[in-house]
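> A single structure is presented below for examination.
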There are 2 protein chains.
Amino acid sequence: MPNRAIPDATVARLPVYLRALLELAEGGEMTVSSEDLANLAGVNAAKVRKDLSYLGSYGTRGVGYDVEYLLYQITRELGLTQDWHTAIVGIGNLGRALASYKGFSERGFRIAALFDVDEKVIGEEVGGLIVRHLDELKDIVTDDRIAIGIVATPPQNAQEVAERLVDAGVKSILNFAPAVVNVAPDVNVRKVDLSIELQILSFHLQRTQAIASAREANRQLGG
Amino acid sequence: MPNRAIPDATVARLPVYLRALLELAEGGEMTVSSEDLANLAGVNAAKVRKDLSYLGSYGTRGVGYDVEYLLYQITRELGLTQDWHTAIVGIGNLGRALASYKGFSERGFRIAALFDVDEKVIGEEVGGLIVRHLDELKDIVTDDRIAIGIVATPPQNAQEVAERLVDAGVKSILNFAPAVVNVAPDVNVRKVDLSIELQILSFHLQRTQAIASAREANRQLGG
DNA sequence: TGTCGTTTGTGAGAACAATCACAAGCCCGG
DNA sequence: CCGGGCTTGTGATTGTTCTCACAAACGACA
């Protein structure tokens, strides 16, 4: 009965369910319970049910969910029934790795263009594509209907590159540069920041270490 | 007054503030207001103040925060006063990019070892380190006091690699493999999943597209 | 057809996060 | 030493997400 307001937290988990369902489908499973799906996705069963309920009532009580049907519904909801064209800007170590990454095409994301500003890199072939100069961005984005821009530049160039992408009509940006980019509110930016992730892990390590040494100190004091 | 219970959401933002503060310090700024810091970090000022208040009262009313002092406090809170040793498992495209990534060492994360199982890769030098066989993991983790494991293997190997890391004593794992890994609850796992990020962007693209075509249909019906 | 075991879908409540709004406190100029 | 402008720190409020718990609905089987 819910019209259409899928929570962000749910949207972020749908791809995880999708992957689990693909595995189940390959294994020949016809149906799956929320409990089994929850185990595969690493969450709890109630969350799975609530998440799936936002898509509609696609389960059967006493039985579970039809794997194929659910696969289709999630695929549709995520907009994966069509191929999205993407461009990578910044062909350094990370840009190259992304350009060669097989996981994108498997999910219907076609890397359609690569850009850089370094003359030493332009013209080079990476992952089957020729690296273009950033100045060609706008034309190529328009011609190739590129919908998603991936920023893998050094941080100081990220804002400018993001602006160029937006200027070219891109409404979705995935930012790997360790920098905050500000764009118009109708543009969707997601960031992946490797060193932030490590710093969060560091916080927890430091904390358990601190607890351990406090306990040790306490022990030595005979407390 | 708050003892010590920094919310996860705050912890995740501290590295962003840290980066902004480093820029300010380089620019010679002595103090910064929550408003300015908020702009640099891409959040709002109230959130900055609340986040920082969890660390203690390090600001001065009417003035702002002392840049250097705040830098030190966040660095300490995140456990970045010490260098953490990390190991990368899986030296494919992504593993290589990570091994060569400069951003880690800048933040005090030293990549101390690389592992793979492919004989063609073992022995190769990547980013100044020799790739070792996964079987050497336990010894090297112990000897080099490696605290963080980075998993960059294909998804089907991620769980086993994570288990080996945990068995070797690693308590923090950064997982780049598109797979769910289950480990003991005292081990911290963070995941970075590139194609999930694209799928989330796809969801929003699809949604705005759907709205646009609904509007168009409505217009043509003369509604 | 009725009963039983199973599993969904969802209201209700708890936990967590974001935001608001303002008193408290600081600096400075007179 | 006082008043005004500014900025922090934080209660209070609102919004979002998670979890619980159970009625409703299904299949199977007698």
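Here, A, B, ... name the chains of the structure tokens in the order displayed, residue numbers run from 1 inside each chain, and ligands are numbered from 1 in the same displayed order.
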Do me a favour and pick out the residues of chain D within 9 Å of chain A, using only C-alpha atoms (C1' of nucleotides), as number ranges by chain.
D: 16-20, 24-27
> Sorted by chain and rising residue number, list the residues of chain C at most 12 Å from chain B (counting only C-alpha atoms (C1' of nucleotides)), each with its closest atom pair and distance in Å to one decimal, as a Markdown table.

```
| residue | atom | partner | partner_atom | distance |
| --- | --- | --- | --- | --- |
| C:DA15 | C1' | B:Pro7 | CA | 11.8 |
| C:DC16 | C1' | B:Pro7 | CA | 8.5 |
| C:DA17 | C1' | B:Ala9 | CA | 7.5 |
| C:DA18 | C1' | B:Lys47 | CA | 7.5 |
| C:DT19 | C1' | B:Ala46 | CA | 7.4 |
| C:DC20 | C1' | B:Ala46 | CA | 8.8 |
| C:DA21 | C1' | B:Ala46 | CA | 10.6 |
| C:DA24 | C1' | B:Arg61 | CA | 8.8 |
| C:DG25 | C1' | B:Arg61 | CA | 5.9 |
| C:DC26 | C1' | B:Arg61 | CA | 5.1 |
| C:DC27 | C1' | B:Gly62 | CA | 6.8 |
| C:DC28 | C1' | B:Gly62 | CA | 10.8 |
```
> I need the contact residues of chain B against chain A, so if you could list those with any atom within 6 Å, counting only C-alpha atoms, and return them as a ChimeraX atom specification, that would help.
/B:15,78-79,93-94,97,104,195-196,202-203,206
> Where in stretch 64-179 of chain B does DSSP assign helix (DSSP H, G or I), given as a PyMOL selection string?
chain B and resi 67-77+93-100+102-106+134-143+155-167
> In Å, rounded to a single decimal, give me how far atom CA of A:Gly59 is from atom C1' of C:DG2.
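Taking atom C1' of C:DG2 as the start and atom CA of A:Gly59 as the end point, the length is 24.7 Å.
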> Would you please give, as a JSON list (two decimals) with N, CA and C atoms, in the first residue's frame, all residues of stretch 45-165 of chain B that DSSP assigns to strand (DSSP E or B) based on the backbone?

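File produced: part.json:
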```
[["chain", "number", "residue", "atom", "x", "y", "z"],
["B", 59, "GLY", "N", 36.22, 24.61, 21.67],
["B", 59, "GLY", "CA", 36.05, 25.89, 21.00],
["B", 59, "GLY", "C", 36.03, 27.05, 21.98],
["B", 60, "THR", "N", 36.05, 28.23, 21.43],
["B", 60, "THR", "CA", 35.95, 29.43, 22.27],
["B", 60, "THR", "C", 34.79, 30.26, 21.73],
["B", 64, "GLY", "N", 35.68, 30.81, 17.88],
["B", 64, "GLY", "CA", 35.73, 29.63, 17.02],
["B", 64, "GLY", "C", 36.64, 28.58, 17.63],
["B", 65, "TYR", "N", 37.17, 27.73, 16.76],
["B", 65, "TYR", "CA", 38.03, 26.65, 17.21],
["B", 65, "TYR", "C", 39.47, 26.94, 16.81],
["B", 66, "ASP", "N", 40.39, 26.63, 17.68],
["B", 66, "ASP", "CA", 41.80, 26.72, 17.35],
["B", 66, "ASP", "C", 42.15, 25.58, 16.40],
["B", 84, "TRP", "N", 49.51, 2.75, 11.52],
["B", 84, "TRP", "CA", 48.92, 1.41, 11.49],
["B", 84, "TRP", "C", 49.46, 0.66, 10.30],
["B", 85, "HIS", "N", 49.84, -0.59, 10.53],
["B", 85, "HIS", "CA", 50.34, -1.42, 9.43],
["B", 85, "HIS", "C", 49.18, -2.17, 8.80],
["B", 86, "THR", "N", 49.18, -2.17, 7.48],
["B", 86, "THR", "CA", 48.10, -2.85, 6.77],
["B", 86, "THR", "C", 48.67, -3.84, 5.76],
["B", 87, "ALA", "N", 47.84, -4.81, 5.41],
["B", 87, "ALA", "CA", 48.21, -5.76, 4.37],
["B", 87, "ALA", "C", 47.11, -5.78, 3.33],
["B", 88, "ILE", "N", 47.50, -5.89, 2.08],
["B", 88, "ILE", "CA", 46.52, -6.01, 1.01],
["B", 88, "ILE", "C", 46.54, -7.44, 0.49],
["B", 89, "VAL", "N", 45.37, -8.05, 0.43],
["B", 89, "VAL", "CA", 45.27, -9.40, -0.10],
["B", 89, "VAL", "C", 44.52, -9.34, -1.43],
["B", 109, "PHE", "N", 48.86, 5.35, 7.35],
["B", 109, "PHE", "CA", 48.63, 3.92, 7.14],
["B", 109, "PHE", "C", 49.76, 3.37, 6.28],
["B", 110, "ARG", "N", 50.54, 2.49, 6.85],
["B", 110, "ARG", "CA", 51.64, 1.93, 6.09],
["B", 110, "ARG", "C", 51.26, 0.58, 5.52],
["B", 111, "ILE", "N", 51.36, 0.47, 4.21],
["B", 111, "ILE", "CA", 51.11, -0.83, 3.60],
["B", 111, "ILE", "C", 52.37, -1.64, 3.78],
["B", 112, "ALA", "N", 52.24, -2.70, 4.56],
["B", 112, "ALA", "CA", 53.42, -3.43, 4.99],
["B", 112, "ALA", "C", 53.59, -4.76, 4.27],
["B", 113, "ALA", "N", 52.52, -5.23, 3.63],
["B", 113, "ALA", "CA", 52.64, -6.53, 2.95],
["B", 113, "ALA", "C", 51.54, -6.70, 1.91],
["B", 114, "LEU", "N", 51.89, -7.46, 0.87],
["B", 114, "LEU", "CA", 50.93, -7.77, -0.20],
["B", 114, "LEU", "C", 50.85, -9.28, -0.35],
["B", 115, "PHE", "N", 49.64, -9.79, -0.56],
["B", 115, "PHE", "CA", 49.46, -11.23, -0.69],
["B", 115, "PHE", "C", 48.59, -11.57, -1.89],
["B", 116, "ASP", "N", 48.88, -12.74, -2.44],
["B", 116, "ASP", "CA", 48.05, -13.29, -3.51],
["B", 116, "ASP", "C", 48.26, -14.80, -3.50],
["B", 125, "GLU", "N", 57.19, -7.20, -7.83],
["B", 125, "GLU", "CA", 57.24, -6.03, -6.97],
["B", 125, "GLU", "C", 56.13, -5.06, -7.35],
["B", 126, "VAL", "N", 55.36, -4.66, -6.38],
["B", 126, "VAL", "CA", 54.27, -3.72, -6.61],
["B", 126, "VAL", "C", 54.36, -2.62, -5.56],
["B", 129, "LEU", "N", 56.90, -3.23, -2.80],
["B", 129, "LEU", "CA", 56.81, -4.43, -1.97],
["B", 129, "LEU", "C", 56.74, -5.68, -2.83],
["B", 130, "ILE", "N", 57.28, -6.76, -2.32],
["B", 130, "ILE", "CA", 57.19, -8.04, -3.02],
["B", 130, "ILE", "C", 55.89, -8.73, -2.64],
["B", 131, "VAL", "N", 55.19, -9.23, -3.63],
["B", 131, "VAL", "CA", 53.95, -9.96, -3.35],
["B", 131, "VAL", "C", 54.28, -11.34, -2.78],
["B", 132, "ARG", "N", 53.66, -11.66, -1.64],
["B", 132, "ARG", "CA", 53.90, -12.94, -0.97],
["B", 132, "ARG", "C", 52.74, -13.90, -1.20],
["B", 133, "HIS", "N", 52.99, -15.16, -0.92],
["B", 133, "HIS", "CA", 51.91, -16.13, -0.99],
["B", 133, "HIS", "C", 51.03, -16.02, 0.25],
["B", 146, "ILE", "N", 50.71, -6.29, 11.83],
["B", 146, "ILE", "CA", 49.71, -5.76, 10.90],
["B", 146, "ILE", "C", 48.35, -5.76, 11.59],
["B", 147, "ALA", "N", 47.70, -4.60, 11.57],
["B", 147, "ALA", "CA", 46.45, -4.43, 12.31],
["B", 147, "ALA", "C", 45.24, -4.38, 11.40],
["B", 148, "ILE", "N", 45.46, -4.05, 10.15],
["B", 148, "ILE", "CA", 44.34, -3.88, 9.23],
["B", 148, "ILE", "C", 44.57, -4.70, 7.98],
["B", 149, "GLY", "N", 43.54, -5.43, 7.59],
["B", 149, "GLY", "CA", 43.63, -6.22, 6.36],
["B", 149, "GLY", "C", 42.71, -5.64, 5.30],
["B", 150, "ILE", "N", 43.24, -5.50, 4.10],
["B", 150, "ILE", "CA", 42.44, -5.00, 2.99],
["B", 150, "ILE", "C", 42.20, -6.15, 2.02],
["B", 151, "VAL", "N", 40.93, -6.46, 1.80],
["B", 151, "VAL", "CA", 40.58, -7.58, 0.93],
["B", 151, "VAL", "C", 40.22, -7.04, -0.45]]
```
> Between atom CA of A:Ala158 and atom CA of B:Ala212, what is the distance, to one decimal in Å?
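For atom CA of A:Ala158 relative to atom CA of B:Ala212, the distance reads 29.3 Å.
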